[in-house]
Number of protein chains: 2
Amino acid sequence: MKKRRHGACLGLAILLAMLMTSQAWAEDGYDLWLRYQPITDTEALETYRDAISGVLIESESPTLDIAREEISRGLNGLLGGNVPMLSGAPEDGALIIGTPQGSEMIAELDLEGLDQINDDGFVIHSTSVRGEPATVIAANTDQGVLYGVYHFLRLIQTQQPIDDLALVQSPRIERRVLNHWDNLDRTVERGYAGFSLWEWHKLPDYLNPRYIDYARANASLGINGTVLTNVNADATVLMPRYLDKVKALADLFRPYGIRVYLTARFSAPMEIGGLETADPLDPDVRAWWQSKVDEIYERIPDFGGFLVKANSEGQPGPGDYDRSHAEGANMLADAVAPHDGIIMWRAFVYSPVADDRHKQAYDEFVPLDGDFHDNVLVQVKNGPIDFQPREPFNPLFGAMPSTSLMMEFQITKEYLGQGTHLAYLAPLFKEALDADTYAQGEGSTVAKVIDGSLSGDTLTAIAGVANTGTDRNWTGSHFNQANWYAYGRLAWNHDLSAEAIADEWVRMTYTNDPDFVEPVKAMMMGSREAVVDYMTPLGLHHLMGESHHYGPAPWIADREREDWTNVYYHRATRDGVGFDRTSEGTNAVGQYAPPVQEMFEDVDRTPEKYLLWFHHVPWDHEVSSGRTLWDELVYRYNRGVEYVRDMRDTWASLEGMIDEQRYRDTEAYLEIQEKEAIWWRDASLSYFQTFSGQEIPEEYELPAHTLEYYQSLKFPFAPGI
Amino acid sequence: MKKRRHGACLGLAILLAMLMTSQAWAEDGYDLWLRYQPITDTEALETYRDAISGVLIESESPTLDIAREEISRGLNGLLGGNVPMLSGAPEDGALIIGTPQGSEMIAELDLEGLDQINDDGFVIHSTSVRGEPATVIAANTDQGVLYGVYHFLRLIQTQQPIDDLALVQSPRIERRVLNHWDNLDRTVERGYAGFSLWEWHKLPDYLNPRYIDYARANASLGINGTVLTNVNADATVLMPRYLDKVKALADLFRPYGIRVYLTARFSAPMEIGGLETADPLDPDVRAWWQSKVDEIYERIPDFGGFLVKANSEGQPGPGDYDRSHAEGANMLADAVAPHDGIIMWRAFVYSPVADDRHKQAYDEFVPLDGDFHDNVLVQVKNGPIDFQPREPFNPLFGAMPSTSLMMEFQITKEYLGQGTHLAYLAPLFKEALDADTYAQGEGSTVAKVIDGSLSGDTLTAIAGVANTGTDRNWTGSHFNQANWYAYGRLAWNHDLSAEAIADEWVRMTYTNDPDFVEPVKAMMMGSREAVVDYMTPLGLHHLMGESHHYGPAPWIADREREDWTNVYYHRATRDGVGFDRTSEGTNAVGQYAPPVQEMFEDVDRTPEKYLLWFHHVPWDHEVSSGRTLWDELVYRYNRGVEYVRDMRDTWASLEGMIDEQRYRDTEAYLEIQEKEAIWWRDASLSYFQTFSGQEIPEEYELPAHTLEYYQSLKFPFAPGI
């Protein structure tokens, strides 16, 4: 038998073939949008390789070391290796990275924009350094440098030109935060991506390497804060053994620019402090919190502060002692103020009183405007009900000019198809941000309220309820990653368009091939509207299955509280459907500024997407299409199903253009989505038909089952409860 | 700037460098012992490459396709690629794989051993085929072929010679099963590896690719059955929507030789059937089960059958209707019999009656010997209490000659350090298997009871309570994988030694470098004994924290049931410690065959490892070392801690010999293990000292804290409850 003696070349080929057969090319979504796969477009590859001869980072610090590691990893991955770390004098094509304070080379350049940016900002300039063409990524802090590095990598990942850069970027919102509704037993409320990332039992001694990739993913977006625990809080996390675990995470996240926050259970002084009360005005209670806060800051000097849900859905709060939200928030605020901490106090409140749930947060909070201490933000959901597929903007925005308000978005798709449905939420986020409150005339957008520009507020923040979990792909589905990505990008710069963000994400996550990018972007851009169509069109809302919120159940009535039923929200009767929130109904519209109020008051001026949100409308009411309301509902539900079918067709046409595994995963999920869209359509129309008394027009598919069948379905183990 | 124009060779080098920097070489434990990393020992590599020119599998079937895929993946990985699939005539060095029925080439060979093996067996011969030297892997079924393929790969993975093979292998135990104590909400009882692998909510439409790797891992060990649900059962899994989900898993596992089983909630006829009773003699109940079983087999024609926990720890059962275990089991057995199904009926019973828990399973089951129908096995834990670090063998073994008994081992380390402690359990499994029951004279080992050779039984099975979960490394720690591996290997062949299995596992999982293999094997071989030492030496047992079983709590008293306390088991008093199970005590020893009974009756003949299991011994009793009992306990607890310290030192000396991530993971876990071993030692000795009234001898470390401190520790979120 011949002995094989091979030159190095064939040896390399063998090793390469081996690696390729050994699944090195398999993708499973773990790398998110930070894949750094080699650029296959040879022209682009050559351009970048020619432009970048190496990387020069003169300083060291934990954050700069991370930047160094990331730029090296990224460039070597994208450009196929051979991108060395340089030292000493710059060469032609060097990528020079740092701060003026840490690098004389950079200080000398007196770069444009450094004086315009804040501590998180960065500049990227194509320039020349000591006579050599170079690209410079600079900032005033190491943190800004890290953000600049990720931005530069994004340019290459999305195959943007890097030859003539003059970028100056500064985030408009100061605190860009994730809220993890993670419980200490590792279940995740409204989590559809497995379980909690935080391995409390093994902390602080064991740090799962995944924590680092979590930090990288967030740093790449500019997310700089994470609330580790559920707003339905457990005081146990404030106990010393758990604070040691929190500290371990805080220490790991710090060099990535991520500060740690916790949710504070308002009754903690009683539950773990042994006190008899949690009255925020009680001196012992105040002292207990001060001591507890000091205990936290001993371990975590840059602890961000607390997020609090109080007197909402059974959570304890100041109201239990007849104190106001402001009194409760201020007590905590005073405890963290000496340490530069903040309090994020949620405005998601609704009691079982005889007034429209829509109005309650406003009624409870607006009278407190100006009462909150300076280091308090009131955290407001985008809409007045609860993260529905579509809601009008929350009337609190613009109505509390003397209070720092922050936005709470939901990234996890509690009401938009949970783990499996493809629904790109940037259009929802943009719709909320761009909504005009008219609080100070036209152009008083929600975005301007929360970025402080409307009122000159300097304490600004935004929160997103995270969709992360232990699933290998982090978010339950590959396309769910896009929502984490979009949230981060908008938190950094709310002027970005939903489409531009989708474009970035698809290129980074899948491929730059336009034959893939274009159809997938298009698919994504219409996907949220499709969910609105097949779940809750025309302003319908809150029709989901009980508790788990999985699947349709518009028939839910007879619960302990009226506002926990679904019939409360659609109010279907023989004569029509929808919630009259005009001055002839609950007058929820009265909480908006006059131009908005007038628009929502008038059924003919109300944007059709909010029709049944604000009006009770007869089944025969003619809508803009010329169809009756009933026919329009049928049309919309079916349009939603058709959109999903179109997505399946589009996806089928893309087979082979990306890796097999992620292709198949999405293929399977789209099949699930179609089945569930049909289910929503059929169950909802079967039910509403009992009120409209009308047929489903001939051209549409009829429900596959009876209404009784849909009503009988039970899901005792649907995830995320 | 120079443009780089590279030949293919440097291009390959670049690609290779890129892959290497792109983390392709990083290991995270996901690949278990099926890593197929390229052989680095150049001599071994060349030998194998010379011996194997390609693979020839003439037939196709789902199982043979899997075999083809696995051998190709494995050989290309190990040998660096270029191992083609051949077709047509055999070549010199071909690896020929198949059955006589499927391959004329193989049929012609009339291979030795094919007539000796059962359906799962295989032969591997170095021979010549149509004039060419070849290696033949053959079996009588495709399933046997697959097992042969994994065995052959194991030979290469462990760098064994393949030049002169004449292997004939046949597993001795027919059903080699995993029991997953997985709940439908995806929590895992006694699970320390994350959460349940089964994504019920997305089944049957979405099949997580992980299911395939689960199947591969089990097939590689010969594990051919999986019980998907917790013995603390939920009838919901028997409902149609869930049966569809189970079917999806069964269909996926089938070609890997893995049959699916479920746990049957005895009260299901009432809970999901609407019946008023679950009396096994009630005709409606019998009819309900028959119908339910038929429903299952319509979907899953080779459904294995049910595993049942009844009248134990609150589970419903025939005893609720004054029926016997046999009557209950037989009802289910009769329902599955027409479909060739079996029932595995657990003997883990203990009521709150005034008799030693040790005796109750025997007392309840032995009178039923011969009453169980032919397709029933009684599933018996290795020892009579509950998976303690050490137990004597369960007296049921050998005491029911007319009943098929099967072994239940616990792979998950509920009582041996849970997720983090390094404890190799093959010595525990071997100790149980090799125990001599003397039921039919000397040599009547437990192994012979369960493999049917003692009684001529043909229905044989073994079960292991799985340690798998969603953690990336499947089992919570890298070394926990060794216990899944060892269980599988012993289920296949209980004659293998613990050391030989460890040798295989270390080589396959880490490296064949003897400078790593030898010390790690040594470390593993003593690790179980170390846990016995630092938790429950000299026959102590059941001293763990309440409910979660995490950490020491020998002081637990005053519970609803005496046998749910810990004091019940150690019975420490001022005069001594230990449980008198001799004829002067509870006479649990009386349940063993006379030779065994006599040994355990006599404190001087009782092996010291069982001293306090069977005897209440004065603190001053002199043991074989010459020390008093108290001093020996102190010595043993400390010896356990020292062993862990030695493991840390050993591991530290191995840095750099394996991949960084897995090295660091184990390093961190060993640190945790040392802390916890110290905690066990200190808490236990502090407590027992209150009885012994004696000091801890000078040469030992004193407890770091007071007994009150240890008693105050609470772990509300310890995993696995």
# chains A, B, ... in the order shown; residues from 1 in each chain; ligands from 1
$ residues_around --residues "range 176-187 of chain B" --least-positions-apart "5" --cutoff "6 Å" --atoms "only C-alpha atoms" --output "number ranges by chain"
A: 717; B: 195-196, 223-230, 461-466, 491
$ write_last_selection --atoms "N, CA and C atoms" --output "mmCIF file, in the first residue's frame"
data_model
loop_
_atom_site.group_PDB
_atom_site.id
_atom_site.type_symbol
_atom_site.label_atom_id
_atom_site.label_comp_id
_atom_site.auth_asym_id
_atom_site.auth_seq_id
_atom_site.Cartn_x
_atom_site.Cartn_y
_atom_site.Cartn_z
ATOM 1 N N PHE A 717 -48.987 23.862 29.949
ATOM 2 C CA PHE A 717 -47.541 24.036 30.081
ATOM 3 C C PHE A 717 -46.963 25.006 29.064
ATOM 4 N N PHE B 195 -32.370 22.482 32.201
ATOM 5 C CA PHE B 195 -33.779 22.100 32.183
ATOM 6 C C PHE B 195 -34.003 20.946 31.213
ATOM 7 N N SER B 196 -35.248 20.583 31.022
ATOM 8 C CA SER B 196 -35.546 19.403 30.224
ATOM 9 C C SER B 196 -35.198 19.616 28.757
ATOM 10 N N ILE B 223 -27.504 2.405 24.572
ATOM 11 C CA ILE B 223 -28.734 2.672 25.310
ATOM 12 C C ILE B 223 -29.881 2.641 24.317
ATOM 13 N N ASN B 224 -30.884 1.809 24.575
ATOM 14 C CA ASN B 224 -31.923 1.599 23.571
ATOM 15 C C ASN B 224 -33.332 1.925 24.057
ATOM 16 N N GLY B 225 -33.431 2.671 25.150
ATOM 17 C CA GLY B 225 -34.757 3.065 25.587
ATOM 18 C C GLY B 225 -34.678 4.338 26.399
ATOM 19 N N THR B 226 -35.728 5.138 26.287
ATOM 20 C CA THR B 226 -35.748 6.372 27.060
ATOM 21 C C THR B 226 -37.151 6.632 27.593
ATOM 22 N N VAL B 227 -37.240 6.794 28.900
ATOM 23 C CA VAL B 227 -38.511 7.169 29.523
ATOM 24 C C VAL B 227 -38.493 8.679 29.609
ATOM 25 N N LEU B 228 -39.393 9.319 28.900
ATOM 26 C CA LEU B 228 -39.317 10.765 28.708
ATOM 27 C C LEU B 228 -39.794 11.609 29.884
ATOM 28 N N THR B 229 -40.553 10.982 30.774
ATOM 29 C CA THR B 229 -41.224 11.773 31.794
ATOM 30 C C THR B 229 -40.935 11.289 33.209
ATOM 31 N N ASN B 230 -41.135 12.177 34.141
ATOM 32 C CA ASN B 230 -40.837 11.962 35.550
ATOM 33 C C ASN B 230 -41.671 10.843 36.153
ATOM 34 N N ALA B 461 -33.684 -5.906 32.002
ATOM 35 C CA ALA B 461 -33.597 -4.461 31.780
ATOM 36 C C ALA B 461 -32.760 -3.811 32.863
ATOM 37 N N ILE B 462 -32.323 -2.617 32.570
ATOM 38 C CA ILE B 462 -31.608 -1.799 33.533
ATOM 39 C C ILE B 462 -31.975 -0.351 33.241
ATOM 40 N N ALA B 463 -32.086 0.435 34.301
ATOM 41 C CA ALA B 463 -32.458 1.835 34.137
ATOM 42 C C ALA B 463 -31.462 2.739 34.851
ATOM 43 N N GLY B 464 -31.216 3.899 34.273
ATOM 44 C CA GLY B 464 -30.394 4.910 34.924
ATOM 45 C C GLY B 464 -31.156 6.224 34.934
ATOM 46 N N VAL B 465 -31.280 6.817 36.103
ATOM 47 C CA VAL B 465 -31.935 8.119 36.175
ATOM 48 C C VAL B 465 -30.980 9.138 35.578
ATOM 49 N N ALA B 466 -31.392 9.707 34.468
ATOM 50 C CA ALA B 466 -30.500 10.498 33.628
ATOM 51 C C ALA B 466 -30.011 11.776 34.303
ATOM 52 N N ALA B 491 -24.344 -1.087 31.202
ATOM 53 C CA ALA B 491 -25.630 -1.660 30.783
ATOM 54 C C ALA B 491 -25.383 -2.650 29.636
#
$ select_by_dssp --residues "range 509-668 of chain A" --states "strand (DSSP E or B)" --output "list of chain:residue names"
A:Met544, A:Pro552, A:Gly576, A:Val577, A:Val617, A:Pro618, A:Glu622, A:Thr628
$ closest_atom_pairs --of "range 303-395 of chain B" --to "range 536-550 of chain B" --cutoff "12 Å" --atoms "only C-alpha atoms" --output "JSON lines"
{"residue": "B:Arg357", "atom": "CA", "partner": "B:His542", "partner_atom": "CA", "distance": 11.8}
{"residue": "B:His358", "atom": "CA", "partner": "B:His541", "partner_atom": "CA", "distance": 11.7}
{"residue": "B:Gly383", "atom": "CA", "partner": "B:His541", "partner_atom": "CA", "distance": 11.4}
{"residue": "B:Pro384", "atom": "CA", "partner": "B:His541", "partner_atom": "CA", "distance": 11.4}
{"residue": "B:Ile385", "atom": "CA", "partner": "B:His542", "partner_atom": "CA", "distance": 8.3}
{"residue": "B:Asp386", "atom": "CA", "partner": "B:His542", "partner_atom": "CA", "distance": 8.1}
{"residue": "B:Phe387", "atom": "CA", "partner": "B:His542", "partner_atom": "CA", "distance": 9.2}
{"residue": "B:Gln388", "atom": "CA", "partner": "B:His541", "partner_atom": "CA", "distance": 6.3}
{"residue": "B:Pro389", "atom": "CA", "partner": "B:Thr536", "partner_atom": "CA", "distance": 7.2}
{"residue": "B:Arg390", "atom": "CA", "partner": "B:Gly539", "partner_atom": "CA", "distance": 7.1}
{"residue": "B:Glu391", "atom": "CA", "partner": "B:Gly539", "partner_atom": "CA", "distance": 7.5}
{"residue": "B:Pro392", "atom": "CA", "partner": "B:Gly539", "partner_atom": "CA", "distance": 9.0}
$ write_last_selection --atoms "N, CA, C and O atoms" --output "PDB file, in the first residue's frame"
ATOM      1  N   ARG B 357     -37.504   1.722  57.266  1.00  0.00           N
ATOM      2  CA  ARG B 357     -37.690   1.971  55.840  1.00  0.00           C
ATOM      3  C   ARG B 357     -36.917   0.971  54.990  1.00  0.00           C
ATOM      4  O   ARG B 357     -37.378   0.574  53.912  1.00  0.00           O
ATOM      5  N   HIS B 358     -35.780   0.585  55.490  1.00  0.00           N
ATOM      6  CA  HIS B 358     -34.885  -0.380  54.830  1.00  0.00           C
ATOM      7  C   HIS B 358     -35.621  -1.645  54.420  1.00  0.00           C
ATOM      8  O   HIS B 358     -35.280  -2.305  53.452  1.00  0.00           O
ATOM      9  N   GLY B 383     -29.897   0.170  46.193  1.00  0.00           N
ATOM     10  CA  GLY B 383     -29.873  -0.033  47.640  1.00  0.00           C
ATOM     11  C   GLY B 383     -31.256   0.181  48.223  1.00  0.00           C
ATOM     12  O   GLY B 383     -32.149   0.678  47.543  1.00  0.00           O
ATOM     13  N   PRO B 384     -31.409  -0.168  49.482  1.00  0.00           N
ATOM     14  CA  PRO B 384     -32.744  -0.151  50.072  1.00  0.00           C
ATOM     15  C   PRO B 384     -33.238   1.203  50.592  1.00  0.00           C
ATOM     16  O   PRO B 384     -34.386   1.292  51.006  1.00  0.00           O
ATOM     17  N   ILE B 385     -32.383   2.204  50.603  1.00  0.00           N
ATOM     18  CA  ILE B 385     -32.852   3.509  51.080  1.00  0.00           C
ATOM     19  C   ILE B 385     -33.097   4.418  49.869  1.00  0.00           C
ATOM     20  O   ILE B 385     -34.236   4.490  49.393  1.00  0.00           O
ATOM     21  N   ASP B 386     -32.107   5.104  49.400  1.00  0.00           N
ATOM     22  CA  ASP B 386     -32.364   6.002  48.276  1.00  0.00           C
ATOM     23  C   ASP B 386     -31.090   6.621  47.713  1.00  0.00           C
ATOM     24  O   ASP B 386     -30.767   7.777  48.034  1.00  0.00           O
ATOM     25  N   PHE B 387     -30.365   5.842  46.870  1.00  0.00           N
ATOM     26  CA  PHE B 387     -29.259   6.408  46.110  1.00  0.00           C
ATOM     27  C   PHE B 387     -28.211   7.155  46.944  1.00  0.00           C
ATOM     28  O   PHE B 387     -27.651   8.151  46.481  1.00  0.00           O
ATOM     29  N   GLN B 388     -27.969   6.651  48.141  1.00  0.00           N
ATOM     30  CA  GLN B 388     -26.959   7.302  48.976  1.00  0.00           C
ATOM     31  C   GLN B 388     -25.556   7.095  48.392  1.00  0.00           C
ATOM     32  O   GLN B 388     -25.363   6.196  47.569  1.00  0.00           O
ATOM     33  N   PRO B 389     -24.603   7.887  48.831  1.00  0.00           N
ATOM     34  CA  PRO B 389     -23.239   7.714  48.312  1.00  0.00           C
ATOM     35  C   PRO B 389     -22.754   6.259  48.413  1.00  0.00           C
ATOM     36  O   PRO B 389     -21.992   5.795  47.580  1.00  0.00           O
ATOM     37  N   ARG B 390     -23.143   5.600  49.436  1.00  0.00           N
ATOM     38  CA  ARG B 390     -22.942   4.147  49.496  1.00  0.00           C
ATOM     39  C   ARG B 390     -24.142   3.501  50.186  1.00  0.00           C
ATOM     40  O   ARG B 390     -24.588   3.985  51.242  1.00  0.00           O
ATOM     41  N   GLU B 391     -24.619   2.415  49.614  1.00  0.00           N
ATOM     42  CA  GLU B 391     -25.651   1.577  50.241  1.00  0.00           C
ATOM     43  C   GLU B 391     -25.273   0.112  50.025  1.00  0.00           C
ATOM     44  O   GLU B 391     -24.668  -0.215  48.994  1.00  0.00           O
ATOM     45  N   PRO B 392     -25.625  -0.744  50.934  1.00  0.00           N
ATOM     46  CA  PRO B 392     -25.507  -2.163  50.633  1.00  0.00           C
ATOM     47  C   PRO B 392     -26.541  -2.494  49.559  1.00  0.00           C
ATOM     48  O   PRO B 392     -27.451  -1.710  49.297  1.00  0.00           O
TER      49      PRO B 392
END
$ closest_residue --among "A:Ile258, A:Val644, A:Ala399, A:Leu496" --to "Ala423 in chain A" --atoms "only C-alpha atoms"
A:Val644
$ residues_around --residues "Met407 in chain A" --least-positions-apart "5" --cutoff "7 Å" --atoms "only C-alpha atoms" --output "number ranges by chain"
A: 379-382, 450, 462-463
$ write_last_selection --atoms "N, CA and C atoms" --output "short mmCIF file (atom, residue, chain, number, x, y, z; two decimals), in the first residue's frame"
data_model
loop_
_atom_site.label_atom_id
_atom_site.label_comp_id
_atom_site.auth_asym_id
_atom_site.auth_seq_id
_atom_site.Cartn_x
_atom_site.Cartn_y
_atom_site.Cartn_z
N GLN A 379 -41.00 54.83 34.58
CA GLN A 379 -40.86 53.94 33.43
C GLN A 379 -42.25 53.60 32.89
N VAL A 380 -42.46 53.98 31.64
CA VAL A 380 -43.78 53.95 31.04
C VAL A 380 -43.81 53.02 29.83
N LYS A 381 -44.73 52.07 29.83
CA LYS A 381 -44.86 51.20 28.66
C LYS A 381 -45.26 52.03 27.44
N ASN A 382 -44.95 51.53 26.26
CA ASN A 382 -45.21 52.33 25.05
C ASN A 382 -46.69 52.69 24.88
N ILE A 450 -38.55 61.21 25.75
CA ILE A 450 -37.66 60.32 26.49
C ILE A 450 -36.17 60.62 26.29
N ILE A 462 -34.03 54.25 28.64
CA ILE A 462 -34.98 53.44 27.88
C ILE A 462 -34.78 52.00 28.32
N ALA A 463 -35.86 51.25 28.39
CA ALA A 463 -35.77 49.85 28.82
C ALA A 463 -36.45 48.95 27.81
#
$ closest_residue --among "A:His615, A:Arg581, A:Arg472, A:Arg259" --to "chain B" --atoms "only C-alpha atoms"
A:Arg472
$ select_by_dssp --residues "range 409-485 of chain A" --states "alpha helix (DSSP H)" --output "list of chain:residue names"
A:Ala426, A:Pro427, A:Leu428, A:Phe429, A:Lys430, A:Glu431, A:Ala432, A:Leu433, A:Asp434, A:Val446, A:Ala447, A:Lys448, A:Val449, A:Ile450, A:Gln481, A:Ala482, A:Asn483, A:Trp484, A:Tyr485
$ write_last_selection --atoms "N, CA and C atoms" --output "PDB file, in the first residue's frame"
ATOM      1  N   ALA A 426     -39.115  46.435  15.116  1.00  0.00           N
ATOM      2  CA  ALA A 426     -38.641  47.811  14.948  1.00  0.00           C
ATOM      3  C   ALA A 426     -39.759  48.730  14.461  1.00  0.00           C
ATOM      4  N   PRO A 427     -40.616  48.314  13.540  1.00  0.00           N
ATOM      5  CA  PRO A 427     -41.738  49.188  13.156  1.00  0.00           C
ATOM      6  C   PRO A 427     -42.634  49.553  14.338  1.00  0.00           C
ATOM      7  N   LEU A 428     -42.809  48.648  15.263  1.00  0.00           N
ATOM      8  CA  LEU A 428     -43.607  48.949  16.452  1.00  0.00           C
ATOM      9  C   LEU A 428     -42.866  49.970  17.314  1.00  0.00           C
ATOM     10  N   PHE A 429     -41.575  49.729  17.515  1.00  0.00           N
ATOM     11  CA  PHE A 429     -40.790  50.660  18.326  1.00  0.00           C
ATOM     12  C   PHE A 429     -40.805  52.049  17.694  1.00  0.00           C
ATOM     13  N   LYS A 430     -40.615  52.106  16.385  1.00  0.00           N
ATOM     14  CA  LYS A 430     -40.588  53.394  15.683  1.00  0.00           C
ATOM     15  C   LYS A 430     -41.940  54.092  15.770  1.00  0.00           C
ATOM     16  N   GLU A 431     -42.991  53.331  15.588  1.00  0.00           N
ATOM     17  CA  GLU A 431     -44.334  53.904  15.660  1.00  0.00           C
ATOM     18  C   GLU A 431     -44.533  54.585  17.013  1.00  0.00           C
ATOM     19  N   ALA A 432     -44.061  53.918  18.053  1.00  0.00           N
ATOM     20  CA  ALA A 432     -44.199  54.496  19.394  1.00  0.00           C
ATOM     21  C   ALA A 432     -43.312  55.727  19.559  1.00  0.00           C
ATOM     22  N   LEU A 433     -42.074  55.631  19.090  1.00  0.00           N
ATOM     23  CA  LEU A 433     -41.126  56.735  19.275  1.00  0.00           C
ATOM     24  C   LEU A 433     -41.515  57.954  18.462  1.00  0.00           C
ATOM     25  N   ASP A 434     -42.049  57.703  17.276  1.00  0.00           N
ATOM     26  CA  ASP A 434     -42.363  58.817  16.379  1.00  0.00           C
ATOM     27  C   ASP A 434     -43.737  59.418  16.623  1.00  0.00           C
ATOM     28  N   VAL A 446     -42.760  61.291  21.135  1.00  0.00           N
ATOM     29  CA  VAL A 446     -42.423  60.480  22.305  1.00  0.00           C
ATOM     30  C   VAL A 446     -40.899  60.382  22.420  1.00  0.00           C
ATOM     31  N   ALA A 447     -40.221  60.228  21.294  1.00  0.00           N
ATOM     32  CA  ALA A 447     -38.754  60.148  21.313  1.00  0.00           C
ATOM     33  C   ALA A 447     -38.151  61.377  21.974  1.00  0.00           C
ATOM     34  N   LYS A 448     -38.711  62.540  21.696  1.00  0.00           N
ATOM     35  CA  LYS A 448     -38.174  63.761  22.289  1.00  0.00           C
ATOM     36  C   LYS A 448     -38.513  63.853  23.768  1.00  0.00           C
ATOM     37  N   VAL A 449     -39.599  63.260  24.152  1.00  0.00           N
ATOM     38  CA  VAL A 449     -39.895  63.228  25.582  1.00  0.00           C
ATOM     39  C   VAL A 449     -38.825  62.409  26.277  1.00  0.00           C
ATOM     40  N   ILE A 450     -38.555  61.209  25.747  1.00  0.00           N
ATOM     41  CA  ILE A 450     -37.655  60.323  26.485  1.00  0.00           C
ATOM     42  C   ILE A 450     -36.175  60.624  26.286  1.00  0.00           C
ATOM     43  N   GLN A 481     -33.780  37.415  17.361  1.00  0.00           N
ATOM     44  CA  GLN A 481     -32.535  38.140  17.643  1.00  0.00           C
ATOM     45  C   GLN A 481     -32.623  39.564  17.075  1.00  0.00           C
ATOM     46  N   ALA A 482     -33.328  39.674  15.953  1.00  0.00           N
ATOM     47  CA  ALA A 482     -33.418  40.976  15.294  1.00  0.00           C
ATOM     48  C   ALA A 482     -34.084  42.016  16.182  1.00  0.00           C
ATOM     49  N   ASN A 483     -34.926  41.559  17.087  1.00  0.00           N
ATOM     50  CA  ASN A 483     -35.621  42.520  17.936  1.00  0.00           C
ATOM     51  C   ASN A 483     -34.738  43.035  19.063  1.00  0.00           C
ATOM     52  N   TRP A 484     -33.876  42.162  19.562  1.00  0.00           N
ATOM     53  CA  TRP A 484     -32.875  42.585  20.548  1.00  0.00           C
ATOM     54  C   TRP A 484     -31.950  43.589  19.848  1.00  0.00           C
ATOM     55  N   TYR A 485     -31.551  43.239  18.665  1.00  0.00           N
ATOM     56  CA  TYR A 485     -30.666  44.097  17.885  1.00  0.00           C
ATOM     57  C   TYR A 485     -31.317  45.464  17.619  1.00  0.00           C
TER      58      TYR A 485
END
$ residues_around --residues "range 253-256 of chain A" --least-positions-apart "6" --cutoff "10 Å" --atoms "only C-alpha atoms" --output "list in words"
Ser61, Pro62, Thr63, Leu64, Asp65, Ile66, Ala67, Asp142, Gln143, Leu146, Tyr147, Tyr211, Ile212, Tyr214, Ala215, Arg216, Ala217, Asn218, Ala219, Ser220, Gly222, Ile223, Asn224, Gly225, Thr226, Lys247, Ile300, Asp302 and Phe303 of chain A
$ closest_residue --among "B:Ser87, B:Thr135, B:Thr420, B:Asn232" --to "chain A" --atoms "only C-alpha atoms"
B:Thr420
$ atom_distance --atom1 "CA of Pro719 in chain B" --atom2 "CA of Pro716 in chain A"
22.2 Å
$ closest_residue --among "B:Trp492, B:Tyr709, B:Phe715, B:Phe516" --to "chain A" --atoms "only C-alpha atoms"
B:Phe715
$ closest_residue --among "A:Val589, A:Leu332, A:Ala248, A:Leu109" --to "Asp205 in chain A" --atoms "only C-alpha atoms"
A:Ala248
$ closest_residue --among "B:Ala435, B:Ile721, B:Met270, B:Leu307" --to "Ala233 in chain B" --atoms "only C-alpha atoms"
B:Leu307
$ residues_around --residues "Val308 in chain B" --least-positions-apart "3" --cutoff "10 Å" --atoms "only C-alpha atoms" --output "MDAnalysis selection string"
chainID B and resid 230:233 262:266 305 311 315 317 328:329 332 343:347 378:379
$ residues_around --residues "Thr475 in chain A" --least-positions-apart "4" --cutoff "10 Å" --atoms "only C-alpha atoms" --output "PyMOL selection string"
chain A and resi 29-30+32+191-194+411-412+419-420+466-471+479-484
$ atom_distance --atom1 "CA of Ala335 in chain B" --atom2 "CA of Lys292 in chain B"
8.8 Å
$ atom_distance --atom1 "CA of Gly551 in chain B" --atom2 "CA of His201 in chain A"
12.4 Å
$ residues_around --residues "Glu676 in chain A" --least-positions-apart "2" --cutoff "12 Å" --atoms "only C-alpha atoms" --output "number ranges by chain"
A: 416-418, 420-422, 531, 534-535, 550-552, 637, 640-641, 644-645, 669-674, 678-684, 710; B: 202, 205
